Amino acid sequence: MLQVYCDGACSGNPGPGGWAFVIPSLGVEKSGFVDATTNNRMELLAVIAALNYLNNQNKYEYRYGPQIEIITDSQYVVKSMTENWRKLKNTDLWADLAGECSFGWQITWTWVKGHASNSYNTRCDELAVEAYTKKIAAGECKTIYERLKELPVEEFAKWLAKNLPGLSATFADKEDKLLEWLNGVN
């Protein structure tokens, strides 16, 4: 069985985040960065990225067979996959994960305690944190507010209605007030 360790990390929630996976028997370590995200999204993205990597390296399927053990410190991921927790948030990533899982793998989902004595889980955490701290240090992160300011007013209004419905009603049909409020946020 091929063991795949996955982890996500986030500075603030939401905030800049990183994901990572380690496949010890293949000597593979990969990580990535998202500038405005949540911890749960990074946990999911780590698993998606790992499965995507394996799905694009089909030679490994023949070497190790179709059995994979995903090892993560995210109860959100493990219990959603093993105990059918409702997947109400991050539906885009759950759909991506379902797609990556559809390649015929037999996946075992294993939870490990984070920041404990598992060296591969610790390595994943280090890689994920390093992914976003390098971007922060380089000044390459955008805040949620900076990203919202880049949206056209119509898209921002949709975001506002979905995420802050009470505030959204305040700005209904008042584009100038919406822009004023948005420009004042920071």
# chains A, B, ... in the order shown; residues from 1 in each chain; ligands from 1
$ residues_around --residues "region 30-47 of chain A" --least-positions-apart "4" --cutoff "7 Å" --atoms "only C-alpha atoms" --output "NGL selection string"
:A and (6-10 or 13-22 or 51 or 74 or 77 or 90 or 93 or 127-128 or 131-132 or 141-144)
$ select_by_dssp --residues "region 33-67 of chain A" --states "helix (DSSP H, G or I)" --output "list in words"
Asn39, Asn40, Arg41, Met42, Glu43, Leu44, Leu45, Ala46, Val47, Ile48, Ala49, Ala50, Leu51, Asn52, Tyr53, Leu54, Asn55, Lys59, Tyr60, Glu61, Tyr62, Arg63 and Tyr64 of chain A
$ write_last_selection --atoms "N, CA and C atoms" --output "PDB file, in the first residue's frame"
ATOM      1  N   ASN A  39      -7.988  27.141   6.440  1.00  0.00           N
ATOM      2  CA  ASN A  39      -7.249  25.934   6.774  1.00  0.00           C
ATOM      3  C   ASN A  39      -7.906  24.686   6.174  1.00  0.00           C
ATOM      4  N   ASN A  40      -9.233  24.588   6.284  1.00  0.00           N
ATOM      5  CA  ASN A  40      -9.903  23.408   5.733  1.00  0.00           C
ATOM      6  C   ASN A  40      -9.705  23.292   4.225  1.00  0.00           C
ATOM      7  N   ARG A  41      -9.706  24.414   3.527  1.00  0.00           N
ATOM      8  CA  ARG A  41      -9.460  24.363   2.080  1.00  0.00           C
ATOM      9  C   ARG A  41      -8.048  23.847   1.791  1.00  0.00           C
ATOM     10  N   MET A  42      -7.086  24.258   2.607  1.00  0.00           N
ATOM     11  CA  MET A  42      -5.713  23.794   2.385  1.00  0.00           C
ATOM     12  C   MET A  42      -5.566  22.305   2.685  1.00  0.00           C
ATOM     13  N   GLU A  43      -6.268  21.830   3.720  1.00  0.00           N
ATOM     14  CA  GLU A  43      -6.247  20.397   4.029  1.00  0.00           C
ATOM     15  C   GLU A  43      -6.790  19.598   2.836  1.00  0.00           C
ATOM     16  N   LEU A  44      -7.888  20.066   2.270  1.00  0.00           N
ATOM     17  CA  LEU A  44      -8.475  19.399   1.108  1.00  0.00           C
ATOM     18  C   LEU A  44      -7.560  19.490  -0.106  1.00  0.00           C
ATOM     19  N   LEU A  45      -6.996  20.660  -0.333  1.00  0.00           N
ATOM     20  CA  LEU A  45      -6.153  20.850  -1.511  1.00  0.00           C
ATOM     21  C   LEU A  45      -4.904  19.975  -1.459  1.00  0.00           C
ATOM     22  N   ALA A  46      -4.393  19.724  -0.261  1.00  0.00           N
ATOM     23  CA  ALA A  46      -3.233  18.838  -0.131  1.00  0.00           C
ATOM     24  C   ALA A  46      -3.563  17.438  -0.644  1.00  0.00           C
ATOM     25  N   VAL A  47      -4.724  16.921  -0.269  1.00  0.00           N
ATOM     26  CA  VAL A  47      -5.139  15.581  -0.713  1.00  0.00           C
ATOM     27  C   VAL A  47      -5.407  15.585  -2.218  1.00  0.00           C
ATOM     28  N   ILE A  48      -6.090  16.608  -2.700  1.00  0.00           N
ATOM     29  CA  ILE A  48      -6.379  16.710  -4.135  1.00  0.00           C
ATOM     30  C   ILE A  48      -5.077  16.743  -4.930  1.00  0.00           C
ATOM     31  N   ALA A  49      -4.121  17.553  -4.483  1.00  0.00           N
ATOM     32  CA  ALA A  49      -2.845  17.659  -5.190  1.00  0.00           C
ATOM     33  C   ALA A  49      -2.092  16.332  -5.192  1.00  0.00           C
ATOM     34  N   ALA A  50      -2.123  15.622  -4.074  1.00  0.00           N
ATOM     35  CA  ALA A  50      -1.434  14.334  -3.992  1.00  0.00           C
ATOM     36  C   ALA A  50      -2.058  13.321  -4.947  1.00  0.00           C
ATOM     37  N   LEU A  51      -3.377  13.236  -4.933  1.00  0.00           N
ATOM     38  CA  LEU A  51      -4.047  12.289  -5.832  1.00  0.00           C
ATOM     39  C   LEU A  51      -3.866  12.692  -7.289  1.00  0.00           C
ATOM     40  N   ASN A  52      -3.903  13.984  -7.562  1.00  0.00           N
ATOM     41  CA  ASN A  52      -3.669  14.451  -8.924  1.00  0.00           C
ATOM     42  C   ASN A  52      -2.269  14.069  -9.389  1.00  0.00           C
ATOM     43  N   TYR A  53      -1.308  14.221  -8.507  1.00  0.00           N
ATOM     44  CA  TYR A  53       0.072  13.827  -8.832  1.00  0.00           C
ATOM     45  C   TYR A  53       0.115  12.337  -9.192  1.00  0.00           C
ATOM     46  N   LEU A  54      -0.488  11.512  -8.355  1.00  0.00           N
ATOM     47  CA  LEU A  54      -0.475  10.068  -8.617  1.00  0.00           C
ATOM     48  C   LEU A  54      -1.269   9.714  -9.874  1.00  0.00           C
ATOM     49  N   ASN A  55      -2.370  10.389 -10.094  1.00  0.00           N
ATOM     50  CA  ASN A  55      -3.175  10.109 -11.283  1.00  0.00           C
ATOM     51  C   ASN A  55      -2.425  10.461 -12.563  1.00  0.00           C
ATOM     52  N   LYS A  59       2.318   5.136 -13.880  1.00  0.00           N
ATOM     53  CA  LYS A  59       3.256   4.022 -13.740  1.00  0.00           C
ATOM     54  C   LYS A  59       3.316   3.527 -12.297  1.00  0.00           C
ATOM     55  N   TYR A  60       3.015   4.423 -11.315  1.00  0.00           N
ATOM     56  CA  TYR A  60       3.067   4.009  -9.917  1.00  0.00           C
ATOM     57  C   TYR A  60       1.935   3.061  -9.561  1.00  0.00           C
ATOM     58  N   GLU A  61       0.826   3.175 -10.265  1.00  0.00           N
ATOM     59  CA  GLU A  61      -0.292   2.266  -9.996  1.00  0.00           C
ATOM     60  C   GLU A  61       0.149   0.820 -10.194  1.00  0.00           C
ATOM     61  N   TYR A  62       0.933   0.583 -11.207  1.00  0.00           N
ATOM     62  CA  TYR A  62       1.368  -0.780 -11.491  1.00  0.00           C
ATOM     63  C   TYR A  62       2.437  -1.239 -10.504  1.00  0.00           C
ATOM     64  N   ARG A  63       3.219  -0.320 -10.033  1.00  0.00           N
ATOM     65  CA  ARG A  63       4.295  -0.668  -9.107  1.00  0.00           C
ATOM     66  C   ARG A  63       3.769  -0.983  -7.711  1.00  0.00           C
ATOM     67  N   TYR A  64       2.749  -0.230  -7.260  1.00  0.00           N
ATOM     68  CA  TYR A  64       2.248  -0.385  -5.898  1.00  0.00           C
ATOM     69  C   TYR A  64       0.843  -0.959  -5.822  1.00  0.00           C
TER      70      TYR A  64
END
$ closest_residue --among "A:Asn56, A:Ser25, A:Ser11, A:Gln106" --to "Tyr120 (chain A)" --atoms "only C-alpha atoms"
A:Ser25
$ atom_distance --atom1 "CA of Cys101 (chain A)" --atom2 "CA of Thr72 (chain A)"
15.9 Å
$ select_by_dssp --residues "region 36-97 of chain A" --states "strand (DSSP E)" --output "list in words"
Ala36, Thr37, Gln67, Ile68, Glu69, Ile70, Ile71 and Thr72 of chain A
$ residues_around --residues "Thr82 (chain A)" --least-positions-apart "5" --cutoff "10 Å" --atoms "only C-alpha atoms" --output "PyMOL selection string"
chain A and resi 75+77+108-110
$ write_last_selection --atoms "C-alpha atoms" --output "PDB file, in the first residue's frame"
ATOM      1  CA  GLN A  75     -10.453  15.179  10.996  1.00  0.00           C
ATOM      2  CA  VAL A  77     -11.100  15.370   5.658  1.00  0.00           C
ATOM      3  CA  THR A 108      -7.806   4.100   3.190  1.00  0.00           C
ATOM      4  CA  TRP A 109      -8.211   7.333   5.160  1.00  0.00           C
ATOM      5  CA  THR A 110      -6.088   7.569   8.322  1.00  0.00           C
TER       6      THR A 110
END
$ atom_distance --atom1 "CA of Asn121 (chain A)" --atom2 "CA of Val28 (chain A)"
13.6 Å
$ decode --residues "region 4-68 of chain A" --atoms "C-alpha atoms" --output "PDB file, in the first residue's frame"
ATOM      1  CA  VAL A   4       0.645   9.499   1.211  1.00  0.00           C
ATOM      2  CA  TYR A   5       0.945  12.136   3.938  1.00  0.00           C
ATOM      3  CA  CYS A   6      -1.009  15.372   3.439  1.00  0.00           C
ATOM      4  CA  ASP A   7      -1.330  18.604   5.389  1.00  0.00           C
ATOM      5  CA  GLY A   8      -2.589  22.141   5.007  1.00  0.00           C
ATOM      6  CA  ALA A   9      -1.808  25.284   6.985  1.00  0.00           C
ATOM      7  CA  CYS A  10      -3.139  28.815   7.085  1.00  0.00           C
ATOM      8  CA  SER A  11      -1.940  32.069   8.632  1.00  0.00           C
ATOM      9  CA  GLY A  12      -5.190  33.451   9.917  1.00  0.00           C
ATOM     10  CA  ASN A  13      -8.434  31.831   8.939  1.00  0.00           C
ATOM     11  CA  PRO A  14      -8.960  33.159   6.315  1.00  0.00           C
ATOM     12  CA  GLY A  15      -5.509  34.216   5.258  1.00  0.00           C
ATOM     13  CA  PRO A  16      -2.542  33.060   3.203  1.00  0.00           C
ATOM     14  CA  GLY A  17      -2.195  29.293   3.218  1.00  0.00           C
ATOM     15  CA  GLY A  18      -0.104  26.400   2.063  1.00  0.00           C
ATOM     16  CA  TRP A  19      -0.611  22.732   1.317  1.00  0.00           C
ATOM     17  CA  ALA A  20       1.850  19.863   1.073  1.00  0.00           C
ATOM     18  CA  PHE A  21       2.115  16.140   0.539  1.00  0.00           C
ATOM     19  CA  VAL A  22       4.895  13.642   1.068  1.00  0.00           C
ATOM     20  CA  ILE A  23       5.110  10.177  -0.475  1.00  0.00           C
ATOM     21  CA  PRO A  24       8.012   8.612   1.431  1.00  0.00           C
ATOM     22  CA  SER A  25       8.468   5.459  -0.653  1.00  0.00           C
ATOM     23  CA  LEU A  26       8.747   7.546  -3.848  1.00  0.00           C
ATOM     24  CA  GLY A  27      10.872  10.287  -2.328  1.00  0.00           C
ATOM     25  CA  VAL A  28       8.289  12.881  -3.382  1.00  0.00           C
ATOM     26  CA  GLU A  29       7.611  16.148  -1.528  1.00  0.00           C
ATOM     27  CA  LYS A  30       5.349  18.798  -3.081  1.00  0.00           C
ATOM     28  CA  SER A  31       3.795  21.981  -1.752  1.00  0.00           C
ATOM     29  CA  GLY A  32       1.864  25.004  -2.914  1.00  0.00           C
ATOM     30  CA  PHE A  33       0.443  28.348  -1.880  1.00  0.00           C
ATOM     31  CA  VAL A  34      -2.893  30.185  -1.951  1.00  0.00           C
ATOM     32  CA  ASP A  35      -2.966  33.822  -0.878  1.00  0.00           C
ATOM     33  CA  ALA A  36      -6.494  34.035   0.569  1.00  0.00           C
ATOM     34  CA  THR A  37      -7.943  30.804   1.886  1.00  0.00           C
ATOM     35  CA  THR A  38      -8.918  28.792   4.951  1.00  0.00           C
ATOM     36  CA  ASN A  39      -7.249  25.934   6.774  1.00  0.00           C
ATOM     37  CA  ASN A  40      -9.903  23.408   5.733  1.00  0.00           C
ATOM     38  CA  ARG A  41      -9.460  24.363   2.080  1.00  0.00           C
ATOM     39  CA  MET A  42      -5.713  23.794   2.385  1.00  0.00           C
ATOM     40  CA  GLU A  43      -6.247  20.397   4.029  1.00  0.00           C
ATOM     41  CA  LEU A  44      -8.475  19.399   1.108  1.00  0.00           C
ATOM     42  CA  LEU A  45      -6.153  20.850  -1.511  1.00  0.00           C
ATOM     43  CA  ALA A  46      -3.233  18.838  -0.131  1.00  0.00           C
ATOM     44  CA  VAL A  47      -5.139  15.581  -0.713  1.00  0.00           C
ATOM     45  CA  ILE A  48      -6.379  16.710  -4.135  1.00  0.00           C
ATOM     46  CA  ALA A  49      -2.845  17.659  -5.190  1.00  0.00           C
ATOM     47  CA  ALA A  50      -1.434  14.334  -3.992  1.00  0.00           C
ATOM     48  CA  LEU A  51      -4.047  12.289  -5.832  1.00  0.00           C
ATOM     49  CA  ASN A  52      -3.669  14.451  -8.924  1.00  0.00           C
ATOM     50  CA  TYR A  53       0.072  13.827  -8.832  1.00  0.00           C
ATOM     51  CA  LEU A  54      -0.475  10.068  -8.617  1.00  0.00           C
ATOM     52  CA  ASN A  55      -3.175  10.109 -11.283  1.00  0.00           C
ATOM     53  CA  ASN A  56      -0.696  11.773 -13.634  1.00  0.00           C
ATOM     54  CA  GLN A  57       2.027   9.271 -12.744  1.00  0.00           C
ATOM     55  CA  ASN A  58       0.093   6.136 -13.727  1.00  0.00           C
ATOM     56  CA  LYS A  59       3.256   4.022 -13.740  1.00  0.00           C
ATOM     57  CA  TYR A  60       3.067   4.009  -9.917  1.00  0.00           C
ATOM     58  CA  GLU A  61      -0.292   2.266  -9.996  1.00  0.00           C
ATOM     59  CA  TYR A  62       1.368  -0.780 -11.491  1.00  0.00           C
ATOM     60  CA  ARG A  63       4.295  -0.668  -9.107  1.00  0.00           C
ATOM     61  CA  TYR A  64       2.248  -0.385  -5.898  1.00  0.00           C
ATOM     62  CA  GLY A  65      -1.187  -1.577  -6.941  1.00  0.00           C
ATOM     63  CA  PRO A  66      -4.352   0.439  -6.549  1.00  0.00           C
ATOM     64  CA  GLN A  67      -4.201   0.764  -2.746  1.00  0.00           C
ATOM     65  CA  ILE A  68      -3.375   4.144  -1.215  1.00  0.00           C
TER      66      ILE A  68
END
